[in-house]
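Have a look at the structure below before the remarks.
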Amino acid sequence: MYGFINTCLKSLVVEKYGEEIWEKLRLQAGVQDSFLTFGVYKDEITMQLVDKACKILGVPADLVLREFGEYFFEFCKRSGYDHMLRTLGGNLYEFIENLDALHSYLSLSYQEMNAPSFRVEKNEDGSMHLHYYSDRRGLYHIVPGIIGAAALDFFNIEISMEIVNQAEEEERTGKKEHIVFLVTQNPVLSYKERNTFSFSPQCLADSEKQINTQLNNKQDLEKSENTVRGSSVCPVKKSHWKTIRGIITLGRGKLLRGFDPVYPKTLWIDTKTFCNGLPFHMVFDKELRVKQAGVSIQKIVPGLQTMGICLDHYFSIVHPEVPFTISSIQKFINSQFVFQTKREMMPESWKQRPMLQLRGQMIWMESLQCMLYLCSPLLRTLHELEERQMHIADIAPHDVTRDLILLNQQRLAEMELSNQLERKKEELRVLSKHLEEEKKKTEALLYAMLPQHVANQLKEGKRVEAGEFKECTILFSDVVTFTNICAQCEPIQIVLMLNSMYLQFDRLTTVHDVYKVETIGDAYMVVGGVPVPVSTHAERVANFALGIIIAAKGVQNPVSGNPIQIRVGIHTGPVLAGVVGEKMPRYCLFGDTVNIASRMESHGVPSKIHLSSSVYQCLKYKNFEMTERGEIEVKGKGKMHTYFLVRNKTACENEIMGRPIKDLDSGRESAQSFQEDRTETIPSSHQTVSHTYPGKDQTTAIAMKYIDGPTDAQNSLKRRNQAKIADLTGKSYDSKTYGSLHGNQHSDGAPCPLNRGRVKPDTTEPQIRNVRSNFCNLL
């Protein structure tokens, strides 16, 4: 089949069911996304698409094919074949009868087209028998869709088609599937006509009056017919209904008789002129003996000069694919017949040429009991004319085959140009698709190195201004005794160890939504609250720190084979962030906060998370268990009071590691039981992140959901609102009455239950509720 068919099927699926269904259908069928209009494709592609469409849509094959037939008719009209289809016939019978002629014309351009064949028979009751012949099995349900849509659009009639016979073709040599449809026509009434057509008494009375009027008109018509018949040149006796059909009232009472052809008593043309004027014609009898032939066909097939030879010795029937008998020809007499010369019967010097094909119509002459074949050479291009060593002069001047060859030559050139444009368009589409995929990969790599908004500014050629962040949390980590490990191992072992560890660390940055700043050797640096400010930056980094301590236990020391140990240091404070340099730009953090975080790591303890006092202040009411380390001497900073982070009292290990909660952790019963109670009072705090990371942990990362409070800008707005409320009510706003979702504590140190979002105010004193909309949170 040509790509035009598959393109129509794609258009139907996309228009009716959407791009997603087509993509799913295409992938299951294993076919390409687009088809060239003039490209030839295997029938199996179309069959596979129809089969998968039935399964995906859950619709029987006959309904899918019928809908495809209806859509194919509209698709042909939109593709420029509307006028061609409308001019096939004045009624449905003529339309179907000329479908084969249309296919024959289209085969000049679509030379590989293997179209079905149609034959129609009228019945006495007004119905028709439509015979459908095809080499492709199982597609006959398309026919009711196409014919029904054409009948409704062109002739304003509704038809019903039912299969009355389905068998293997025995009379024909090709088109093995033979389906016979019974076609019955029903006129389509408009809405107004349907309302008028009813069985009310008034309607019946009006109908009786109309019948009487028609009878009176009939008498007037008979009188008029008698008057006209008296002046007729060739009076012919007609039945009453033929008389009615033959008289048409035009304008102001003028009458016009029906057309009656006039034939001469003798044929005023001699035999020689007839054979020269119709150079391509043959007359043969029931035994296929040639009685007469045109001069041009005698020139091409010299054997025809011997009258009385059998026609089937020199020709074979190409279309329709029927046996070469007079009965088969009479049965398909309304079809166009294509004859082809037999190579073995041609002169020796002509056997190397392509065989000539003749196309024309059959006319049965009852009085002579002979068949007249009026034909012309079937030539598509000037090249085919030259291959057969023929010239335009060999074709009669009145034969439109002359013009058809020249016009088709131009059309084939236009089709070739159109085909090339389609191929280039398809190549550009594929290249564009690949370019988009590569662009996404490049952007993903770029966004892994720089924050997205920074990367977008650099892509646009803009200068990235440094930004100040008043509060963020920075983490440093390194491997204990890393220098000794490097001295005793091969470099590749160090690379494999660090890669295994950093892959798990990178996965945890996605789980807790913290920004990875850089890695230098065994040092790993992340920050929370930069480049996107969040109020839960300390909680995110603390949970990340707990996660990397757990992850490090799964990485082996290449020297001893034991799990490696890491030190972790965290500090909270202000920083300045910006992009430094043009080549290999990096998003860097500057400020004393970075130095203190690095000191917390270097003065830490193996497998411990070292906290500064500022981090402790951020976490002390956030359901984290911390122990006091006391005052220590910090290089360059003097004495500092520091702490150790022990655990998260509410989150289990799986939650911290971004694994599904259903996987139970041993030794965490208390945290798990608390988590079970927690899930009953608040919505689920997990959402799936579509990232999988190679390495030891291949599970999908489950991000922890943090409830971020107001940022600095929101806090300033909140303070202004509190001041306004205090001016109006004389009461100050108590922000401590609003607990955090992560578990604020009362003044006495007892933890606040998670399902209590706000402490109930004292009834003796009115309180002002702080109602904050999502829009305010966004600001």
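Convention: chains lettered A, B, ... in structure tokens order; per-chain residue numbering from 1; ligands numbered from 1 as shown.
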
Which of region 24-159 of chain A DSSP labels strand (DSSP E or B), written as a list in words: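 Result set for region 24-159 of chain A (strand (DSSP E or B)): Val40, Ser117, Phe118, Arg119, Val120, Glu121, Lys122, Met128, His129, Leu130, His131, Tyr132, Tyr133, Ser134, Ile157, Glu158 and Ile159 of chain A.
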
Written selection (all heavy atoms) as a compact mmCIF listing (two decimals), in the first residue's frame:
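Listed below is the output, again.txt:
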```txt
# COMPACT_ATOMS: atom_id res chain seq x y z
N VAL A 40 5.93 3.36 -1.09
CA VAL A 40 5.24 2.07 -1.10
C VAL A 40 5.66 1.29 0.15
O VAL A 40 6.86 1.16 0.43
CB VAL A 40 5.57 1.27 -2.37
CG1 VAL A 40 4.83 -0.06 -2.38
CG2 VAL A 40 5.23 2.07 -3.61
N SER A 117 -11.44 -4.08 -6.89
CA SER A 117 -12.31 -3.91 -8.05
C SER A 117 -13.77 -3.97 -7.61
O SER A 117 -14.11 -4.70 -6.66
CB SER A 117 -12.03 -4.99 -9.09
OG SER A 117 -12.85 -4.84 -10.22
N PHE A 118 -14.63 -3.19 -8.31
CA PHE A 118 -16.04 -3.12 -7.95
C PHE A 118 -16.90 -3.40 -9.19
O PHE A 118 -16.57 -2.98 -10.30
CB PHE A 118 -16.40 -1.73 -7.40
CG PHE A 118 -15.68 -1.37 -6.13
CD1 PHE A 118 -14.46 -0.71 -6.17
CD2 PHE A 118 -16.20 -1.70 -4.90
CE1 PHE A 118 -13.78 -0.39 -5.01
CE2 PHE A 118 -15.55 -1.38 -3.73
CZ PHE A 118 -14.32 -0.72 -3.79
N ARG A 119 -17.97 -4.12 -8.96
CA ARG A 119 -18.97 -4.36 -10.00
C ARG A 119 -20.34 -4.26 -9.36
O ARG A 119 -20.57 -4.79 -8.27
CB ARG A 119 -18.77 -5.75 -10.62
CG ARG A 119 -19.76 -6.07 -11.74
CD ARG A 119 -19.30 -7.33 -12.48
NE ARG A 119 -19.27 -8.49 -11.62
CZ ARG A 119 -20.31 -9.32 -11.43
NH1 ARG A 119 -21.47 -9.06 -12.04
NH2 ARG A 119 -20.20 -10.37 -10.64
N VAL A 120 -21.26 -3.55 -10.00
CA VAL A 120 -22.55 -3.28 -9.40
C VAL A 120 -23.66 -3.75 -10.34
O VAL A 120 -23.53 -3.64 -11.57
CB VAL A 120 -22.70 -1.77 -9.06
CG1 VAL A 120 -22.64 -0.93 -10.30
CG2 VAL A 120 -23.97 -1.50 -8.28
N GLU A 121 -24.71 -4.31 -9.74
CA GLU A 121 -25.87 -4.80 -10.50
C GLU A 121 -27.13 -4.20 -9.90
O GLU A 121 -27.30 -4.18 -8.67
CB GLU A 121 -25.95 -6.33 -10.43
CG GLU A 121 -24.76 -7.05 -11.01
CD GLU A 121 -24.82 -8.55 -10.75
OE1 GLU A 121 -25.65 -8.96 -9.88
OE2 GLU A 121 -24.06 -9.30 -11.37
N LYS A 122 -28.02 -3.72 -10.78
CA LYS A 122 -29.30 -3.16 -10.33
C LYS A 122 -30.32 -4.28 -10.16
O LYS A 122 -30.35 -5.23 -10.94
CB LYS A 122 -29.82 -2.14 -11.33
CG LYS A 122 -29.20 -0.76 -11.21
CD LYS A 122 -29.89 0.22 -12.13
CE LYS A 122 -29.33 1.63 -11.96
NZ LYS A 122 -30.00 2.59 -12.87
N MET A 128 -29.36 -2.66 -5.00
CA MET A 128 -28.21 -3.00 -5.83
C MET A 128 -27.40 -4.10 -5.16
O MET A 128 -27.38 -4.22 -3.94
CB MET A 128 -27.31 -1.77 -6.05
CG MET A 128 -27.95 -0.65 -6.82
SD MET A 128 -26.80 0.72 -7.09
CE MET A 128 -26.57 1.31 -5.41
N HIS A 129 -26.72 -4.89 -5.98
CA HIS A 129 -25.74 -5.86 -5.51
C HIS A 129 -24.36 -5.34 -5.89
O HIS A 129 -24.07 -5.17 -7.07
CB HIS A 129 -25.98 -7.24 -6.10
CG HIS A 129 -27.04 -8.02 -5.38
ND1 HIS A 129 -28.30 -8.23 -5.92
CD2 HIS A 129 -27.06 -8.62 -4.17
CE1 HIS A 129 -29.03 -8.93 -5.07
NE2 HIS A 129 -28.30 -9.19 -4.00
N LEU A 130 -23.56 -5.09 -4.87
CA LEU A 130 -22.21 -4.58 -5.08
C LEU A 130 -21.23 -5.74 -4.90
O LEU A 130 -21.16 -6.34 -3.82
CB LEU A 130 -21.89 -3.45 -4.10
CG LEU A 130 -20.44 -2.95 -4.06
CD1 LEU A 130 -20.03 -2.41 -5.42
CD2 LEU A 130 -20.27 -1.88 -2.99
N HIS A 131 -20.46 -6.02 -5.94
CA HIS A 131 -19.45 -7.07 -5.90
C HIS A 131 -18.09 -6.42 -5.64
O HIS A 131 -17.67 -5.52 -6.38
CB HIS A 131 -19.43 -7.85 -7.22
CG HIS A 131 -20.70 -8.58 -7.51
ND1 HIS A 131 -20.85 -9.93 -7.27
CD2 HIS A 131 -21.89 -8.15 -8.02
CE1 HIS A 131 -22.07 -10.30 -7.63
NE2 HIS A 131 -22.72 -9.23 -8.09
N TYR A 132 -17.44 -6.91 -4.59
CA TYR A 132 -16.13 -6.36 -4.18
C TYR A 132 -15.09 -7.46 -4.33
O TYR A 132 -15.24 -8.55 -3.79
CB TYR A 132 -16.23 -5.87 -2.73
CG TYR A 132 -14.90 -5.62 -2.05
CD1 TYR A 132 -14.19 -4.44 -2.26
CD2 TYR A 132 -14.37 -6.56 -1.16
CE1 TYR A 132 -12.99 -4.21 -1.61
CE2 TYR A 132 -13.18 -6.33 -0.51
CZ TYR A 132 -12.48 -5.16 -0.74
OH TYR A 132 -11.30 -4.93 -0.10
N TYR A 133 -14.03 -7.15 -5.09
CA TYR A 133 -12.95 -8.11 -5.32
C TYR A 133 -11.65 -7.50 -4.81
O TYR A 133 -11.35 -6.33 -5.09
CB TYR A 133 -12.81 -8.43 -6.82
CG TYR A 133 -14.07 -8.92 -7.48
CD1 TYR A 133 -14.95 -8.02 -8.10
CD2 TYR A 133 -14.39 -10.27 -7.52
CE1 TYR A 133 -16.11 -8.46 -8.71
CE2 TYR A 133 -15.55 -10.72 -8.13
CZ TYR A 133 -16.40 -9.82 -8.72
OH TYR A 133 -17.54 -10.27 -9.33
N SER A 134 -10.88 -8.30 -4.09
CA SER A 134 -9.62 -7.77 -3.55
C SER A 134 -8.65 -8.92 -3.31
O SER A 134 -9.04 -10.04 -3.00
CB SER A 134 -9.87 -7.01 -2.24
OG SER A 134 -8.65 -6.58 -1.67
N ILE A 157 -28.40 10.58 0.45
CA ILE A 157 -29.18 9.37 0.75
C ILE A 157 -28.44 8.54 1.78
O ILE A 157 -27.20 8.52 1.81
CB ILE A 157 -29.45 8.52 -0.52
CG1 ILE A 157 -28.14 8.13 -1.18
CG2 ILE A 157 -30.37 9.24 -1.48
CD1 ILE A 157 -28.32 7.16 -2.33
N GLU A 158 -29.19 7.90 2.61
CA GLU A 158 -28.63 6.94 3.55
C GLU A 158 -28.78 5.55 2.96
O GLU A 158 -29.81 5.22 2.37
CB GLU A 158 -29.35 7.01 4.89
CG GLU A 158 -29.00 8.24 5.71
CD GLU A 158 -29.70 8.23 7.07
OE1 GLU A 158 -30.59 7.37 7.25
OE2 GLU A 158 -29.37 9.06 7.91
N ILE A 159 -27.76 4.74 3.12
CA ILE A 159 -27.80 3.38 2.60
C ILE A 159 -27.48 2.40 3.72
O ILE A 159 -26.83 2.74 4.70
CB ILE A 159 -26.82 3.18 1.43
CG1 ILE A 159 -25.38 3.38 1.92
CG2 ILE A 159 -27.13 4.11 0.28
CD1 ILE A 159 -24.34 2.97 0.89
```

Selected residue of minimal separation from Met449 (chain A) among A:Asn557, A:Leu546, A:Thr509, A:Arg586, counting only C-alpha atoms: A:Arg586

Shell around region 452-469 of chain A at 6 Å using only C-alpha atoms, local window under 5 positions removed, as a ChimeraX atom specification: /A:447,574-578

Selection near region 108-116 of chain A, 10 Å with only C-alpha atoms, sequence-local residues under 5 positions removed, as a list in words: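 Using only C-alpha atoms, the neighbours found are Met1, Tyr2, Phe38, Gly39, Val40, Leu99, Asp100, His103, Tyr132, Tyr133, Ser134, Asp135, Arg136, Tyr140, Lys175, Glu177, Leu378, Leu379, Arg380, Thr381, Leu404, Ile405, Asn408, Gln409, Arg411, Leu412 and Met415 of chain A.
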
For N, CA, C and O atoms, I'd like the residues from the last selection saved as a short mmCIF file (atom, residue, chain, number, x, y, z; two decimals), in the first residue's frame.
```cif
data_model
loop_
_atom_site.label_atom_id
_atom_site.label_comp_id
_atom_site.auth_asym_id
_atom_site.auth_seq_id
_atom_site.Cartn_x
_atom_site.Cartn_y
_atom_site.Cartn_z
N MET A 1 0.83 -1.19 0.00
CA MET A 1 0.00 0.00 0.00
C MET A 1 0.87 1.24 0.00
O MET A 1 2.00 1.22 0.49
N TYR A 2 0.32 2.31 -0.54
CA TYR A 2 1.03 3.58 -0.53
C TYR A 2 0.92 4.23 0.85
O TYR A 2 0.00 3.94 1.62
N PHE A 38 3.86 9.14 -1.39
CA PHE A 38 4.09 8.35 -2.60
C PHE A 38 5.04 7.18 -2.35
O PHE A 38 5.52 6.58 -3.30
N GLY A 39 5.32 6.90 -1.09
CA GLY A 39 6.16 5.74 -0.77
C GLY A 39 5.33 4.47 -0.70
O GLY A 39 4.16 4.49 -0.31
N VAL A 40 5.93 3.36 -1.09
CA VAL A 40 5.24 2.07 -1.10
C VAL A 40 5.66 1.29 0.15
O VAL A 40 6.86 1.16 0.43
N LEU A 99 -15.78 3.58 -10.29
CA LEU A 99 -14.65 3.54 -9.34
C LEU A 99 -13.44 2.85 -9.97
O LEU A 99 -12.30 3.27 -9.75
N ASP A 100 -13.67 1.80 -10.73
CA ASP A 100 -12.54 1.13 -11.38
C ASP A 100 -11.84 2.05 -12.37
O ASP A 100 -10.61 2.01 -12.53
N HIS A 103 -9.61 4.26 -10.39
CA HIS A 103 -8.39 3.55 -9.99
C HIS A 103 -7.45 3.40 -11.19
O HIS A 103 -6.23 3.47 -11.03
N TYR A 132 -17.44 -6.91 -4.59
CA TYR A 132 -16.13 -6.36 -4.18
C TYR A 132 -15.09 -7.46 -4.33
O TYR A 132 -15.24 -8.55 -3.79
N TYR A 133 -14.03 -7.15 -5.09
CA TYR A 133 -12.95 -8.11 -5.32
C TYR A 133 -11.65 -7.50 -4.81
O TYR A 133 -11.35 -6.33 -5.09
N SER A 134 -10.88 -8.30 -4.09
CA SER A 134 -9.62 -7.77 -3.55
C SER A 134 -8.65 -8.92 -3.31
O SER A 134 -9.04 -10.04 -3.00
N ASP A 135 -7.36 -8.59 -3.45
CA ASP A 135 -6.31 -9.55 -3.11
C ASP A 135 -6.05 -9.56 -1.60
O ASP A 135 -5.40 -10.48 -1.10
N ARG A 136 -6.49 -8.55 -0.90
CA ARG A 136 -6.24 -8.44 0.54
C ARG A 136 -7.46 -8.97 1.29
O ARG A 136 -8.57 -8.48 1.09
N TYR A 140 -12.77 -5.95 3.88
CA TYR A 140 -14.01 -5.60 3.18
C TYR A 140 -14.94 -4.73 4.02
O TYR A 140 -15.86 -4.10 3.48
N LYS A 175 -7.72 -11.35 -7.63
CA LYS A 175 -8.66 -10.75 -6.68
C LYS A 175 -9.47 -11.85 -5.99
O LYS A 175 -10.66 -12.01 -6.18
N GLU A 177 -10.59 -12.59 -2.97
CA GLU A 177 -11.71 -12.40 -2.05
C GLU A 177 -12.86 -11.73 -2.78
O GLU A 177 -12.71 -10.65 -3.36
N LEU A 378 -1.79 2.10 -23.44
CA LEU A 378 -1.67 2.49 -22.04
C LEU A 378 -0.22 2.90 -21.79
O LEU A 378 0.64 2.07 -21.50
N LEU A 379 0.04 4.18 -21.94
CA LEU A 379 1.39 4.73 -21.78
C LEU A 379 1.35 5.85 -20.76
O LEU A 379 0.46 6.71 -20.81
N ARG A 380 2.32 5.84 -19.84
CA ARG A 380 2.31 6.82 -18.76
C ARG A 380 3.25 7.99 -19.04
O ARG A 380 2.99 9.10 -18.64
N THR A 381 4.37 7.69 -19.70
CA THR A 381 5.38 8.72 -19.91
C THR A 381 5.93 8.64 -21.32
O THR A 381 5.72 7.66 -22.05
N LEU A 404 -2.72 12.96 -22.53
CA LEU A 404 -2.54 12.30 -21.25
C LEU A 404 -1.08 11.96 -21.00
O LEU A 404 -0.57 12.11 -19.89
N ILE A 405 -0.37 11.52 -22.05
CA ILE A 405 1.04 11.18 -21.89
C ILE A 405 1.84 12.42 -21.52
O ILE A 405 2.67 12.39 -20.60
N ASN A 408 0.77 13.63 -17.97
CA ASN A 408 1.24 12.73 -16.94
C ASN A 408 2.75 12.82 -16.76
O ASN A 408 3.28 12.61 -15.66
N GLN A 409 3.47 13.12 -17.84
CA GLN A 409 4.91 13.33 -17.74
C GLN A 409 5.20 14.47 -16.78
O GLN A 409 6.08 14.38 -15.92
N ARG A 411 3.08 15.59 -14.50
CA ARG A 411 2.61 15.24 -13.15
C ARG A 411 3.60 14.34 -12.44
O ARG A 411 3.83 14.49 -11.24
N LEU A 412 4.19 13.39 -13.15
CA LEU A 412 5.17 12.51 -12.52
C LEU A 412 6.39 13.31 -12.05
O LEU A 412 6.96 13.00 -10.99
N MET A 415 5.30 14.94 -8.93
CA MET A 415 5.23 13.96 -7.84
C MET A 415 6.62 13.62 -7.31
O MET A 415 6.81 13.48 -6.10
#
```

Between CA of His537 (chain A) and CA of Tyr515 (chain A) - distance in Å to one decimal: 10.4 Å

Nearby residues (only C-alpha atoms) at most 8 Å from Ile549 (chain A), same-chain spacing under 4 positions excluded, as a list of chain:residue names: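 Listing them by chain and then by number gives A:Ala545, A:Lys553, A:Ile566, A:Ser607, A:Lys608.
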
File of the preceding selection, N, CA and C atoms, as a short mmCIF file (atom, residue, chain, number, x, y, z; two decimals), in the first residue's frame:
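As a result, part.cif now contains:
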```cif
data_model
loop_
_atom_site.label_atom_id
_atom_site.label_comp_id
_atom_site.auth_asym_id
_atom_site.auth_seq_id
_atom_site.Cartn_x
_atom_site.Cartn_y
_atom_site.Cartn_z
N ALA A 545 22.80 14.55 56.23
CA ALA A 545 23.97 14.09 56.97
C ALA A 545 23.73 12.71 57.57
N LYS A 553 28.48 3.33 55.36
CA LYS A 553 28.68 1.99 55.91
C LYS A 553 28.63 0.91 54.84
N ILE A 566 33.50 8.37 57.76
CA ILE A 566 33.53 9.76 57.29
C ILE A 566 33.28 10.68 58.47
N SER A 607 32.53 9.09 61.92
CA SER A 607 31.15 8.58 61.95
C SER A 607 30.25 9.42 62.84
N LYS A 608 30.61 10.69 63.06
CA LYS A 608 29.79 11.61 63.84
C LYS A 608 29.44 12.83 62.99
#
```

Separation of CA of Ile656 (chain A) from CA of His603 (chain A) in Å: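 These atoms are spaced 25.3 Å apart.
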
Contact residues around Lys24 (chain A) with only C-alpha atoms at 9 Å, ignoring same-chain residues under 5 positions, as number ranges by chain: A: 19, 29, 56

Could the residues in this selection be written to a file with C-alpha atoms, as a PDB file, in the first residue's frame?
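Now in out.pdb:
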```pdb
ATOM      1  CA  GLU A  19      -1.236  11.698  19.996  1.00  0.00           C
ATOM      2  CA  ALA A  29       3.000  -2.296  15.965  1.00  0.00           C
ATOM      3  CA  ILE A  56      -5.772  -0.880  22.371  1.00  0.00           C
TER       4      ILE A  56
END
```

Atomic distance CA of Gly30 (chain A) - CA of Glu426 (chain A), expressed in Å with one decimal: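 It comes out at 17.8 Å.
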